[in-house]
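Student: Data file entry_6.cif (mmCIF, C-alpha atoms and all ligand atoms; chains and numbers go by the auth columns) is appended below.
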```
data_start
#
loop_
_atom_site.group_PDB
_atom_site.id
_atom_site.type_symbol
_atom_site.label_atom_id
_atom_site.label_comp_id
_atom_site.label_asym_id
_atom_site.label_seq_id
_atom_site.Cartn_x
_atom_site.Cartn_y
_atom_site.Cartn_z
_atom_site.B_iso_or_equiv
_atom_site.auth_seq_id
_atom_site.auth_asym_id
ATOM 1 C CA MET A 1 70.932 171.572 34.035 0.00 585 Q
ATOM 2 C CA ALA A 2 73.467 168.827 33.837 0.00 586 Q
ATOM 3 C CA TYR A 3 75.883 170.198 36.387 0.00 587 Q
ATOM 4 C CA THR A 4 75.896 171.550 39.927 0.00 588 Q
ATOM 5 C CA PHE A 5 77.297 175.045 40.356 0.00 589 Q
ATOM 6 C CA LYS A 6 79.470 175.566 43.444 0.00 590 Q
ATOM 7 C CA GLN A 7 81.718 178.259 44.821 0.00 591 Q
ATOM 8 C CA THR A 8 84.872 177.361 46.714 0.00 592 Q
ATOM 9 C CA PHE A 9 86.582 180.699 47.028 0.00 593 Q
ATOM 10 C CA LEU A 10 90.260 181.415 47.219 0.00 594 Q
ATOM 11 C CA PRO A 11 90.849 182.999 50.642 0.00 595 Q
ATOM 12 C CA ALA A 12 91.419 186.763 50.410 0.00 596 Q
ATOM 13 C CA SER A 13 94.760 186.205 52.159 0.00 597 Q
ATOM 14 C CA LYS A 14 95.947 184.689 48.873 0.00 598 Q
ATOM 15 C CA TYR A 15 94.723 187.470 46.605 0.00 599 Q
ATOM 16 C CA SER A 16 98.200 188.995 46.554 0.00 600 Q
ATOM 17 C CA ILE A 17 99.566 185.814 44.974 0.00 601 Q
ATOM 18 C CA LYS A 18 96.737 184.604 42.785 0.00 602 Q
ATOM 19 C CA ALA A 19 94.293 187.447 42.140 0.00 603 Q
ATOM 20 C CA PRO A 20 96.074 190.719 42.945 0.00 604 Q
ATOM 21 C CA TYR A 21 94.199 193.103 40.631 0.00 605 Q
ATOM 22 C CA ILE A 22 90.609 194.188 40.509 0.00 606 Q
ATOM 23 C CA MET A 23 89.242 193.434 37.068 0.00 607 Q
ATOM 24 C CA VAL A 24 86.505 194.427 34.695 0.00 608 Q
ATOM 25 C CA PRO A 25 86.157 191.177 32.753 0.00 609 Q
ATOM 26 C CA GLN A 26 85.935 191.541 28.979 0.00 610 Q
ATOM 27 C CA TYR A 27 86.569 188.016 27.758 0.00 611 Q
ATOM 28 C CA ILE A 28 86.246 184.381 28.710 0.00 612 Q
ATOM 29 C CA THR A 29 89.370 182.278 28.180 0.00 613 Q
ATOM 30 C CA VAL A 30 88.965 178.540 27.679 0.00 614 Q
ATOM 31 C CA HIS A 31 91.587 176.040 28.877 0.00 615 Q
ATOM 32 C CA ASN A 32 92.055 172.294 29.106 0.00 616 Q
ATOM 33 C CA THR A 33 93.645 171.111 32.345 0.00 617 Q
ATOM 34 C CA ALA A 34 95.874 168.558 30.543 0.00 618 Q
ATOM 35 C CA ASN A 35 95.206 166.431 33.591 0.00 619 Q
ATOM 36 C CA ASP A 36 92.762 163.725 34.698 0.00 620 Q
ATOM 37 C CA ALA A 37 91.631 165.192 38.028 0.00 621 Q
ATOM 38 C CA PRO A 38 88.075 166.271 38.844 0.00 622 Q
ATOM 39 C CA ALA A 39 87.222 169.976 39.249 0.00 623 Q
ATOM 40 C CA ALA A 40 87.175 169.878 43.071 0.00 624 Q
ATOM 41 C CA ASN A 41 90.743 168.514 43.137 0.00 625 Q
ATOM 42 C CA GLU A 42 91.964 171.042 40.571 0.00 626 Q
ATOM 43 C CA ILE A 43 90.484 173.872 42.626 0.00 627 Q
ATOM 44 C CA ASP A 44 91.867 172.529 45.919 0.00 628 Q
ATOM 45 C CA TYR A 45 95.308 172.247 44.359 0.00 629 Q
ATOM 46 C CA MET A 46 95.130 175.747 42.863 0.00 630 Q
ATOM 47 C CA ILE A 47 94.014 177.284 46.153 0.00 631 Q
ATOM 48 C CA GLY A 48 96.455 175.234 48.212 0.00 632 Q
ATOM 49 C CA ASN A 49 99.727 176.070 46.476 0.00 633 Q
ATOM 50 C CA ASN A 50 101.513 179.406 46.432 0.00 634 Q
ATOM 51 C CA ASN A 51 102.329 179.614 42.733 0.00 635 Q
ATOM 52 C CA GLN A 52 101.246 182.565 40.645 0.00 636 Q
ATOM 53 C CA VAL A 53 98.930 180.260 38.746 0.00 637 Q
ATOM 54 C CA SER A 54 95.186 180.643 39.056 0.00 638 Q
ATOM 55 C CA TYR A 55 91.898 180.667 37.158 0.00 639 Q
ATOM 56 C CA HIS A 56 88.307 181.484 37.992 0.00 640 Q
ATOM 57 C CA VAL A 57 86.353 178.326 37.255 0.00 641 Q
ATOM 58 C CA ALA A 58 86.924 174.595 36.793 0.00 642 Q
ATOM 59 C CA VAL A 59 84.366 172.398 35.048 0.00 643 Q
ATOM 60 C CA ASP A 60 84.084 168.620 35.090 0.00 644 Q
ATOM 61 C CA ASP A 61 81.373 166.115 34.203 0.00 645 Q
ATOM 62 C CA LYS A 62 79.387 166.879 37.354 0.00 646 Q
ATOM 63 C CA GLU A 63 80.323 170.289 38.712 0.00 647 Q
ATOM 64 C CA VAL A 64 81.156 173.846 37.775 0.00 648 Q
ATOM 65 C CA ILE A 65 83.239 175.311 40.592 0.00 649 Q
ATOM 66 C CA GLN A 66 84.120 178.984 40.864 0.00 650 Q
ATOM 67 C CA ALA A 67 87.172 179.848 42.970 0.00 651 Q
ATOM 68 C CA ILE A 68 87.862 183.500 42.161 0.00 652 Q
ATOM 69 C CA PRO A 69 85.290 186.286 41.895 0.00 653 Q
ATOM 70 C CA PHE A 70 84.943 187.727 38.380 0.00 654 Q
ATOM 71 C CA ASN A 71 85.940 191.172 39.577 0.00 655 Q
ATOM 72 C CA ARG A 72 89.484 189.991 40.305 0.00 656 Q
ATOM 73 C CA ASN A 73 92.129 188.864 37.821 0.00 657 Q
ATOM 74 C CA ALA A 74 93.742 185.442 37.702 0.00 658 Q
ATOM 75 C CA TRP A 75 97.018 184.180 36.230 0.00 659 Q
ATOM 76 C CA HIS A 76 96.045 181.715 33.508 0.00 660 Q
ATOM 77 C CA CYS A 77 97.049 183.162 30.135 0.00 661 Q
ATOM 78 C CA GLY A 78 100.834 183.257 30.391 0.00 662 Q
ATOM 79 C CA ASP A 79 100.836 186.710 28.802 0.00 663 Q
ATOM 80 C CA GLY A 80 102.158 188.884 31.598 0.00 664 Q
ATOM 81 C CA GLY A 81 100.071 191.780 32.780 0.00 665 Q
ATOM 82 C CA GLY A 82 102.053 192.398 35.952 0.00 666 Q
ATOM 83 C CA SER A 83 103.016 195.726 37.466 0.00 667 Q
ATOM 84 C CA THR A 84 105.877 196.336 34.989 0.00 668 Q
ATOM 85 C CA ASP A 85 103.741 195.543 31.924 0.00 669 Q
ATOM 86 C CA SER A 86 102.771 198.755 30.123 0.00 670 Q
ATOM 87 C CA ASN A 87 100.156 196.866 28.087 0.00 671 Q
ATOM 88 C CA ALA A 88 98.733 195.089 31.120 0.00 672 Q
ATOM 89 C CA LEU A 89 95.143 195.964 30.367 0.00 673 Q
ATOM 90 C CA LYS A 90 95.277 194.212 27.013 0.00 674 Q
ATOM 91 C CA LYS A 91 96.414 190.938 28.555 0.00 675 Q
ATOM 92 C CA GLY A 92 94.218 187.895 29.076 0.00 676 Q
ATOM 93 C CA ASN A 93 95.615 187.642 32.579 0.00 677 Q
ATOM 94 C CA ARG A 94 94.055 191.013 33.370 0.00 678 Q
ATOM 95 C CA ILE A 95 90.805 191.136 31.419 0.00 679 Q
ATOM 96 C CA SER A 96 89.543 187.586 31.074 0.00 680 Q
ATOM 97 C CA ILE A 97 87.700 185.005 33.092 0.00 681 Q
ATOM 98 C CA GLY A 98 89.680 181.748 33.031 0.00 682 Q
ATOM 99 C CA ILE A 99 87.724 178.506 32.658 0.00 683 Q
ATOM 100 C CA GLU A 100 89.466 175.127 32.919 0.00 684 Q
ATOM 101 C CA ILE A 101 87.813 172.062 31.392 0.00 685 Q
ATOM 102 C CA CYS A 102 88.882 168.953 33.323 0.00 686 Q
ATOM 103 C CA TYR A 103 89.823 165.418 32.219 0.00 687 Q
ATOM 104 C CA SER A 104 91.338 166.599 28.941 0.00 688 Q
ATOM 105 C CA LYS A 105 94.499 164.483 29.290 0.00 689 Q
ATOM 106 C CA SER A 106 92.808 161.154 28.590 0.00 690 Q
ATOM 107 C CA GLY A 107 89.567 162.474 27.129 0.00 691 Q
ATOM 108 C CA GLY A 108 86.741 159.984 26.774 0.00 692 Q
ATOM 109 C CA VAL A 109 83.159 160.217 27.935 0.00 693 Q
ATOM 110 C CA ARG A 110 83.733 162.125 31.160 0.00 694 Q
ATOM 111 C CA TYR A 111 85.760 164.713 29.251 0.00 695 Q
ATOM 112 C CA GLY A 112 82.976 164.968 26.683 0.00 696 Q
ATOM 113 C CA VAL A 113 80.435 165.630 29.415 0.00 697 Q
ATOM 114 C CA ALA A 114 82.758 168.163 31.065 0.00 698 Q
ATOM 115 C CA GLU A 115 83.178 169.963 27.751 0.00 699 Q
ATOM 116 C CA GLU A 116 79.420 170.060 27.207 0.00 700 Q
ATOM 117 C CA ASN A 117 78.972 171.439 30.738 0.00 701 Q
ATOM 118 C CA ALA A 118 81.495 174.138 29.827 0.00 702 Q
ATOM 119 C CA VAL A 119 79.493 174.928 26.678 0.00 703 Q
ATOM 120 C CA GLN A 120 76.342 175.339 28.748 0.00 704 Q
ATOM 121 C CA TYR A 121 78.025 177.330 31.520 0.00 705 Q
ATOM 122 C CA ILE A 122 79.851 179.669 29.108 0.00 706 Q
ATOM 123 C CA SER A 123 76.604 180.328 27.245 0.00 707 Q
ATOM 124 C CA LYS A 124 75.013 181.337 30.538 0.00 708 Q
ATOM 125 C CA LEU A 125 77.951 183.586 31.442 0.00 709 Q
ATOM 126 C CA LEU A 126 77.829 185.323 28.064 0.00 710 Q
ATOM 127 C CA LYS A 127 74.181 186.003 28.542 0.00 711 Q
ATOM 128 C CA GLN A 128 74.746 187.217 32.084 0.00 712 Q
ATOM 129 C CA PHE A 129 77.354 189.726 30.867 0.00 713 Q
ATOM 130 C CA GLY A 130 75.362 190.627 27.761 0.00 714 Q
ATOM 131 C CA TRP A 131 78.206 189.413 25.521 0.00 715 Q
ATOM 132 C CA GLY A 132 78.357 187.733 22.121 0.00 716 Q
ATOM 133 C CA ILE A 133 80.390 184.709 21.109 0.00 717 Q
ATOM 134 C CA GLU A 134 83.348 186.960 20.098 0.00 718 Q
ATOM 135 C CA ARG A 135 84.102 187.288 23.806 0.00 719 Q
ATOM 136 C CA VAL A 136 85.184 183.645 24.000 0.00 720 Q
ATOM 137 C CA LYS A 137 88.952 183.200 23.526 0.00 721 Q
ATOM 138 C CA LYS A 138 91.219 180.226 23.678 0.00 722 Q
ATOM 139 C CA HIS A 139 94.333 180.369 25.823 0.00 723 Q
ATOM 140 C CA GLN A 140 96.312 180.131 22.582 0.00 724 Q
ATOM 141 C CA ASP A 141 94.948 183.516 21.453 0.00 725 Q
ATOM 142 C CA TRP A 142 96.781 185.290 24.277 0.00 726 Q
ATOM 143 C CA ASN A 143 100.262 183.778 24.319 0.00 727 Q
ATOM 144 C CA GLY A 144 100.360 181.045 21.690 0.00 728 Q
ATOM 145 C CA LYS A 145 100.274 178.130 24.129 0.00 729 Q
ATOM 146 C CA TYR A 146 98.669 175.014 22.653 0.00 730 Q
ATOM 147 C CA CYS A 147 95.636 175.178 24.950 0.00 731 Q
ATOM 148 C CA PRO A 148 92.855 174.006 25.146 0.00 732 Q
ATOM 149 C CA HIS A 149 94.954 171.146 23.766 0.00 733 Q
ATOM 150 C CA ARG A 150 92.220 168.540 23.291 0.00 734 Q
ATOM 151 C CA ILE A 151 89.846 170.877 21.469 0.00 735 Q
ATOM 152 C CA LEU A 152 92.739 172.099 19.286 0.00 736 Q
ATOM 153 C CA VAL A 153 94.224 168.691 18.459 0.00 737 Q
ATOM 154 C CA GLU A 154 90.768 167.434 17.513 0.00 738 Q
ATOM 155 C CA ASN A 155 90.321 170.555 15.387 0.00 739 Q
ATOM 156 C CA ARG A 156 87.051 171.467 17.123 0.00 740 Q
ATOM 157 C CA TRP A 157 87.492 175.085 18.227 0.00 741 Q
ATOM 158 C CA ASP A 158 85.032 176.451 15.648 0.00 742 Q
ATOM 159 C CA SER A 159 82.456 173.793 16.460 0.00 743 Q
ATOM 160 C CA PHE A 160 82.988 174.434 20.172 0.00 744 Q
ATOM 161 C CA LEU A 161 82.064 178.096 19.590 0.00 745 Q
ATOM 162 C CA LYS A 162 79.072 177.089 17.471 0.00 746 Q
ATOM 163 C CA ARG A 163 77.826 174.864 20.289 0.00 747 Q
ATOM 164 C CA ILE A 164 78.013 177.808 22.685 0.00 748 Q
ATOM 165 C CA SER A 165 76.089 180.009 20.234 0.00 749 Q
ATOM 166 C CA ARG A 166 73.460 177.326 19.833 0.00 750 Q
ATOM 167 C CA ALA A 167 73.182 176.910 23.594 0.00 751 Q
ATOM 168 C CA MET A 168 72.583 180.647 23.904 0.00 752 Q
ATOM 169 C CA THR A 169 69.745 180.465 21.374 0.00 753 Q
ATOM 170 C CA MET A 170 68.281 177.406 23.079 0.00 754 Q
ATOM 171 C CA ASN A 171 68.447 179.068 26.495 0.00 755 Q
ATOM 172 C CA ASN A 172 66.617 182.105 25.150 0.00 756 Q
ATOM 173 C CA HIS A 173 63.982 179.865 23.673 0.00 757 Q
ATOM 174 C CA ASN A 174 63.601 177.813 26.873 0.00 758 Q
ATOM 175 C CA GLU A 175 63.138 180.934 28.943 0.00 759 Q
ATOM 176 C CA LEU A 176 60.419 182.108 26.605 0.00 760 Q
ATOM 177 C CA THR A 177 58.620 178.780 26.667 0.00 761 Q
ATOM 178 C CA GLU A 178 59.044 178.388 30.414 0.00 762 Q
ATOM 179 C CA LYS A 179 57.546 181.781 31.092 0.00 763 Q
ATOM 180 C CA ASP A 180 55.500 181.590 27.905 0.00 764 Q
ATOM 181 C CA ASP A 181 55.202 185.385 27.742 0.00 765 Q
ATOM 182 C CA ASP A 182 56.165 188.397 29.813 0.00 766 Q
ATOM 183 C CA THR A 183 53.118 188.349 32.085 0.00 767 Q
ATOM 184 C CA MET A 184 53.658 190.256 35.313 0.00 768 Q
ATOM 185 C CA ARG A 185 55.057 188.130 38.117 0.00 769 Q
ATOM 186 C CA PHE A 186 55.208 189.223 41.715 0.00 770 Q
ATOM 187 C CA THR A 187 57.361 187.719 44.412 0.00 771 Q
ATOM 188 C CA ASN A 188 55.851 190.127 46.903 0.00 772 Q
ATOM 189 C CA GLU A 189 52.133 190.226 47.770 0.00 773 Q
ATOM 190 C CA THR A 190 52.331 193.815 49.041 0.00 774 Q
ATOM 191 C CA LEU A 191 53.633 194.991 45.687 0.00 775 Q
ATOM 192 C CA LYS A 192 51.041 192.960 43.854 0.00 776 Q
ATOM 193 C CA ALA A 193 48.272 194.515 45.972 0.00 777 Q
ATOM 194 C CA ALA A 194 49.670 197.998 45.339 0.00 778 Q
ATOM 195 C CA VAL A 195 49.707 197.460 41.582 0.00 779 Q
ATOM 196 C CA ARG A 196 46.160 196.104 41.697 0.00 780 Q
ATOM 197 C CA ASP A 197 45.008 199.098 43.745 0.00 781 Q
ATOM 198 C CA TYR A 198 46.629 201.456 41.230 0.00 782 Q
ATOM 199 C CA LEU A 199 44.787 199.790 38.342 0.00 783 Q
ATOM 200 C CA LYS A 200 41.519 199.643 40.295 0.00 784 Q
ATOM 201 C CA GLN A 201 41.648 203.372 40.994 0.00 785 Q
ATOM 202 C CA ALA A 202 42.332 204.070 37.332 0.00 786 Q
ATOM 203 C CA VAL A 203 39.311 201.932 36.365 0.00 787 Q
ATOM 204 C CA ASP A 204 37.127 203.674 38.962 0.00 788 Q
ATOM 205 C CA LYS A 205 38.174 207.064 37.579 0.00 789 Q
ATOM 206 C CA LYS A 206 37.416 205.731 34.089 0.00 790 Q
ATOM 207 C CA LEU A 207 40.965 206.383 32.957 0.00 791 Q
ATOM 208 C CA ILE A 208 41.257 202.818 31.632 0.00 792 Q
ATOM 209 C CA ASP A 209 38.806 200.085 30.724 0.00 793 Q
ATOM 210 C CA LYS A 210 38.007 197.500 33.377 0.00 794 Q
ATOM 211 C CA SER A 211 39.161 194.704 31.037 0.00 795 Q
ATOM 212 C CA HIS A 212 42.743 195.594 32.031 0.00 796 Q
ATOM 213 C CA LEU A 213 42.004 194.911 35.686 0.00 797 Q
ATOM 214 C CA GLU A 214 40.327 191.666 34.685 0.00 798 Q
ATOM 215 C CA LYS A 215 43.464 190.678 32.786 0.00 799 Q
ATOM 216 C CA PHE A 216 45.563 191.548 35.822 0.00 800 Q
ATOM 217 C CA ASP A 217 43.360 189.376 38.035 0.00 801 Q
ATOM 218 C CA ALA A 218 43.546 186.548 35.516 0.00 802 Q
ATOM 219 C CA GLY A 219 47.352 186.791 35.531 0.00 803 Q
ATOM 220 C CA THR A 220 47.535 187.561 31.815 0.00 804 Q
ATOM 221 C CA LEU A 221 48.558 191.225 31.953 0.00 805 Q
ATOM 222 C CA THR A 222 52.096 191.579 30.629 0.00 806 Q
ATOM 223 C CA ASP A 223 54.894 193.867 31.757 0.00 807 Q
ATOM 224 C CA GLY A 224 54.532 195.630 28.398 0.00 808 Q
ATOM 225 C CA ASP A 225 50.767 196.089 28.901 0.00 809 Q
ATOM 226 C CA PHE A 226 51.401 197.574 32.312 0.00 810 Q
ATOM 227 C CA LYS A 227 54.026 200.036 31.062 0.00 811 Q
ATOM 228 C CA GLY A 228 51.559 201.174 28.395 0.00 812 Q
ATOM 229 C CA LEU A 229 48.804 201.565 30.966 0.00 813 Q
ATOM 230 C CA GLU A 230 51.078 203.594 33.223 0.00 814 Q
ATOM 231 C CA ILE A 231 51.643 206.059 30.376 0.00 815 Q
ATOM 232 C CA ILE A 232 47.931 206.238 29.533 0.00 816 Q
ATOM 233 C CA ILE A 233 46.953 206.668 33.187 0.00 817 Q
ATOM 234 C CA ASP A 234 49.554 209.350 33.633 0.00 818 Q
ATOM 235 C CA GLN A 235 48.414 211.248 30.526 0.00 819 Q
ATOM 236 C CA ARG A 236 44.708 211.001 31.294 0.00 820 Q
ATOM 237 C CA SER A 237 44.957 211.831 34.966 0.00 821 Q
ATOM 238 C CA ASN A 238 46.824 215.040 34.091 0.00 822 Q
ATOM 239 C CA LYS A 239 44.042 216.283 31.850 0.00 823 Q
HETATM 240 ZN ZN ZN B . 95.480 177.108 29.217 0.00 901 V
#
```
Represent the supplied structure as structure tokens.
Tutor:
Amino acid sequence: MAYTFKQTFLPASKYSIKAPYIMVPQYITVHNTANDAPAANEIDYMIGNNNQVSYHVAVDDKEVIQAIPFNRNAWHCGDGGGSTDSNALKKGNRISIGIEICYSKSGGVRYGVAEENAVQYISKLLKQFGWGIERVKKHQDWNGKYCPHRILVENRWDSFLKRISRAMTMNNHNELTEKDDDTMRFTNETLKAAVRDYLKQAVDKKLIDKSHLEKFDAGTLTDGDFKGLEIIIDQRSNK
């Protein structure tokens, strides 16, 4: 991973100004800061002032910093969504996670790295929420503002989305090759011993072949194998 993920949370005492509503996030909204400050400074500034301006995450060439939990709204889309807005729950301010990409004012290499970090981070978020690429919006989609300005002026929004999609595919692939398969992994020795005992008893009762226990001991039994064995053991032990 090219970036460090950090959390520098907005104090709850400022929720009433900057994150007043609980939220079920449905979209990710991408912004450019139109500034040349690093993520830590952007976040400090956002947390420090008392304006109704806020966002969840800032990304630069080194860090991804989250400031607002994803179950609270933030004011970053300029599309209303306050208490007098009858369509509040269709507004980006109320249903989207705001992500600011830093260094967009001058651009250059550090902006390029920040943007790539955003691509990687957004792909992870999408996966975490079980979402597809259609959940990624630009600020402009909500209220027409020309943001993320650098991606728009360089006419790269579609390629930005394609990079996120590709990153999602790559991440899937990396996970598969890292783990290689879905062999059973235990973080807890007690659980591992209990599963082994369960299989051993089934072998002793001749409900399953001993090759399954041998696979378990060799670390090659998969989660899928085990689920199948559970069904077989259940069926045969009820006979
Ligand atoms: Zn914006």
Student: Restricting the calculation to all atoms listed in the file, which member of Q:Met768, Q:Glu700, Q:Asp725, Q:Phe593 is positioned closest to Ser743 (chain Q)?
Tutor: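 Nearest to Ser743 (chain Q): Q:Glu700.
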Student: So how far away is CA of Asn701 (chain Q) from CA of Phe589 (chain Q), in Å?
Tutor: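 Going from CA of Phe589 (chain Q) over to CA of Asn701 (chain Q) covers 10.4 Å.
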Student: Go through Q:Glu647, Q:Asp809, Q:Asp628, Q:Glu684 one by one, measure the shortest atom-to-atom distance of each to ligand ZN 901 (chain V) using only C-alpha atoms and all ligand atoms, and give the residue with the smallest value.
Tutor: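 Once distances to ligand ZN 901 (chain V) are computed over only C-alpha atoms and all ligand atoms, the minimum belongs to Q:Glu684.
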Student: (87.2, 171.4, 41.4) in this file's frame - what residues fall within 10 Å of it? Use all atoms listed in the file and give the answer as a PDB file with C-alpha atoms, in the frame of the given file.
Tutor:
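Writing the result to out-v1.pdb gives the following:
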```pdb
ATOM      1  CA  LYS Q 590      79.470 175.566  43.444  1.00  0.00           C
ATOM      2  CA  GLN Q 591      81.718 178.259  44.821  1.00  0.00           C
ATOM      3  CA  THR Q 592      84.872 177.361  46.714  1.00  0.00           C
ATOM      4  CA  ALA Q 621      91.631 165.192  38.028  1.00  0.00           C
ATOM      5  CA  PRO Q 622      88.075 166.271  38.844  1.00  0.00           C
ATOM      6  CA  ALA Q 623      87.222 169.976  39.249  1.00  0.00           C
ATOM      7  CA  ALA Q 624      87.175 169.878  43.071  1.00  0.00           C
ATOM      8  CA  ASN Q 625      90.743 168.514  43.137  1.00  0.00           C
ATOM      9  CA  GLU Q 626      91.964 171.042  40.571  1.00  0.00           C
ATOM     10  CA  ILE Q 627      90.484 173.872  42.626  1.00  0.00           C
ATOM     11  CA  ASP Q 628      91.867 172.529  45.919  1.00  0.00           C
ATOM     12  CA  TYR Q 629      95.308 172.247  44.359  1.00  0.00           C
ATOM     13  CA  MET Q 630      95.130 175.747  42.863  1.00  0.00           C
ATOM     14  CA  VAL Q 641      86.353 178.326  37.255  1.00  0.00           C
ATOM     15  CA  ALA Q 642      86.924 174.595  36.793  1.00  0.00           C
ATOM     16  CA  VAL Q 643      84.366 172.398  35.048  1.00  0.00           C
ATOM     17  CA  ASP Q 644      84.084 168.620  35.090  1.00  0.00           C
ATOM     18  CA  LYS Q 646      79.387 166.879  37.354  1.00  0.00           C
ATOM     19  CA  GLU Q 647      80.323 170.289  38.712  1.00  0.00           C
ATOM     20  CA  VAL Q 648      81.156 173.846  37.775  1.00  0.00           C
ATOM     21  CA  ILE Q 649      83.239 175.311  40.592  1.00  0.00           C
ATOM     22  CA  GLN Q 650      84.120 178.984  40.864  1.00  0.00           C
ATOM     23  CA  ALA Q 651      87.172 179.848  42.970  1.00  0.00           C
ATOM     24  CA  GLU Q 684      89.466 175.127  32.919  1.00  0.00           C
ATOM     25  CA  CYS Q 686      88.882 168.953  33.323  1.00  0.00           C
TER      26      CYS Q 686
END
```
Student: Report as JSON the centre and the edge lengths, in Å to one decimal, of the axis-aligned box holding every listed atom of region 634-638 of chain Q, padded by 8 Å on each side.
Tutor:
```
{"center_x": 98.8, "center_y": 181.0, "center_z": 42.6, "size_x": 23.1, "size_y": 19.2, "size_z": 23.7}
```
Student: Would you tabulate, counting all atoms listed in the file, all residues of chain Q that have an atom at most 6 Å from an atom of ligand ZN 901 (chain V), showing the closest pair of atoms and their distance in Å to one decimal, sorted by chain then ascending number, as CSV?
Tutor:
```
residue,atom,partner,partner_atom,distance
Q:His615,CA,V:ZN901,ZN,4.1
Q:Asn616,CA,V:ZN901,ZN,5.9
Q:His723,CA,V:ZN901,ZN,4.8
Q:Cys731,CA,V:ZN901,ZN,4.7
Q:Pro732,CA,V:ZN901,ZN,5.8
```
Student: Restricting the calculation to all atoms listed in the file, which member of Q:Gln610, Q:Asn657, Q:Thr767, Q:Thr753 is positioned closest to Trp715 (chain Q)?
Tutor: Q:Gln610
Student: For Arg678 (chain Q), which residue out of Q:Arg734, Q:His796, Q:Lys602, Q:Arg747 is the nearest one, using all atoms listed in the file?
Tutor: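 The shortest atom-to-atom distance to Arg678 (chain Q) comes from Q:Lys602.
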Student: Between Q:Tyr611, Q:Val703, Q:Ala603, Q:Ser597, single out the one closest to Pro653 (chain Q), counting only C-alpha atoms.
Tutor: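 Checking each of Q:Tyr611, Q:Val703, Q:Ala603, Q:Ser597 against Pro653 (chain Q), counting only C-alpha atoms, the winner is Q:Ala603.
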Student: As an exercise, work out the distance from CA of Asn756 (chain Q) to CA of Ala586 (chain Q) in Å and give it to one decimal place.
Tutor: 17.3 Å
Student: When you count only C-alpha atoms, which of these residues is closest to Ile601 (chain Q): Q:Asn619, Q:Gln636, Q:Asn671, Q:Thr806?
Tutor: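 Nearest candidate to Ile601 (chain Q) out of Q:Asn619, Q:Gln636, Q:Asn671, Q:Thr806: Q:Gln636.
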Student: So what do you get for CA of Val697 (chain Q) versus CA of Asp645 (chain Q), distance-wise?
Tutor: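 Calculated distance between CA of Val697 (chain Q) and CA of Asp645 (chain Q) is 4.9 Å.
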Student: Applying 12 Å and all atoms listed in the file, which residues near Val779 (chain Q) remain after dropping the ones on its own chain fewer than 4 positions away? List them as a ChimeraX atom specification.
Tutor: /Q:768-770,772-775,783-786,796-797,800-801,805,807,810-811,813-814
Student: For Val787 (chain Q), find every residue with an atom within 10 Å (counting all atoms listed in the file), except residues of its own chain fewer than 5 positions away, and show them as a list in words.
Tutor: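 The filter keeps Asp781, Tyr782, Ile792, Asp793, Lys794, Ser795, His796, Leu797 and Ile817 of chain Q.
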Student: Using C-alpha atoms, can you write the selected residues to a file as a PDB file, in the coordinates of the input?
Tutor:
```pdb
ATOM      1  CA  ASP Q 781      45.008 199.098  43.745  1.00  0.00           C
ATOM      2  CA  TYR Q 782      46.629 201.456  41.230  1.00  0.00           C
ATOM      3  CA  ILE Q 792      41.257 202.818  31.632  1.00  0.00           C
ATOM      4  CA  ASP Q 793      38.806 200.085  30.724  1.00  0.00           C
ATOM      5  CA  LYS Q 794      38.007 197.500  33.377  1.00  0.00           C
ATOM      6  CA  SER Q 795      39.161 194.704  31.037  1.00  0.00           C
ATOM      7  CA  HIS Q 796      42.743 195.594  32.031  1.00  0.00           C
ATOM      8  CA  LEU Q 797      42.004 194.911  35.686  1.00  0.00           C
ATOM      9  CA  ILE Q 817      46.953 206.668  33.187  1.00  0.00           C
TER      10      ILE Q 817
END
```
Student: Which residues, named as in the file, does the PyMOL selection byres (((chain Q and resi 719) around 8) and not hetatm) pick out? Answer as a ChimeraX atom specification.
Tutor: /Q:610-612,710,715-718,720-721
Student: Expand the PyMOL selection byres (((chain Q and resi 661) around 7) and not hetatm) into the explicit residue set it covers here, and present it as a ChimeraX atom specification.
Tutor: /Q:659-660,662-663,676-677,723,726-727
Student: Return as a compact mmCIF listing (two decimals) with C-alpha atoms, keeping the file's coordinate frame the set of residues that the PyMOL selection byres (((chain Q and resi 604-608) around 6) and not hetatm) yields on the displayed structure.
Tutor:
```txt
# COMPACT_ATOMS: atom_id res chain seq x y z
CA TYR Q 599 94.72 187.47 46.60
CA SER Q 600 98.20 189.00 46.55
CA ALA Q 603 94.29 187.45 42.14
CA PRO Q 609 86.16 191.18 32.75
CA ASN Q 655 85.94 191.17 39.58
CA ARG Q 656 89.48 189.99 40.30
CA ASN Q 657 92.13 188.86 37.82
```
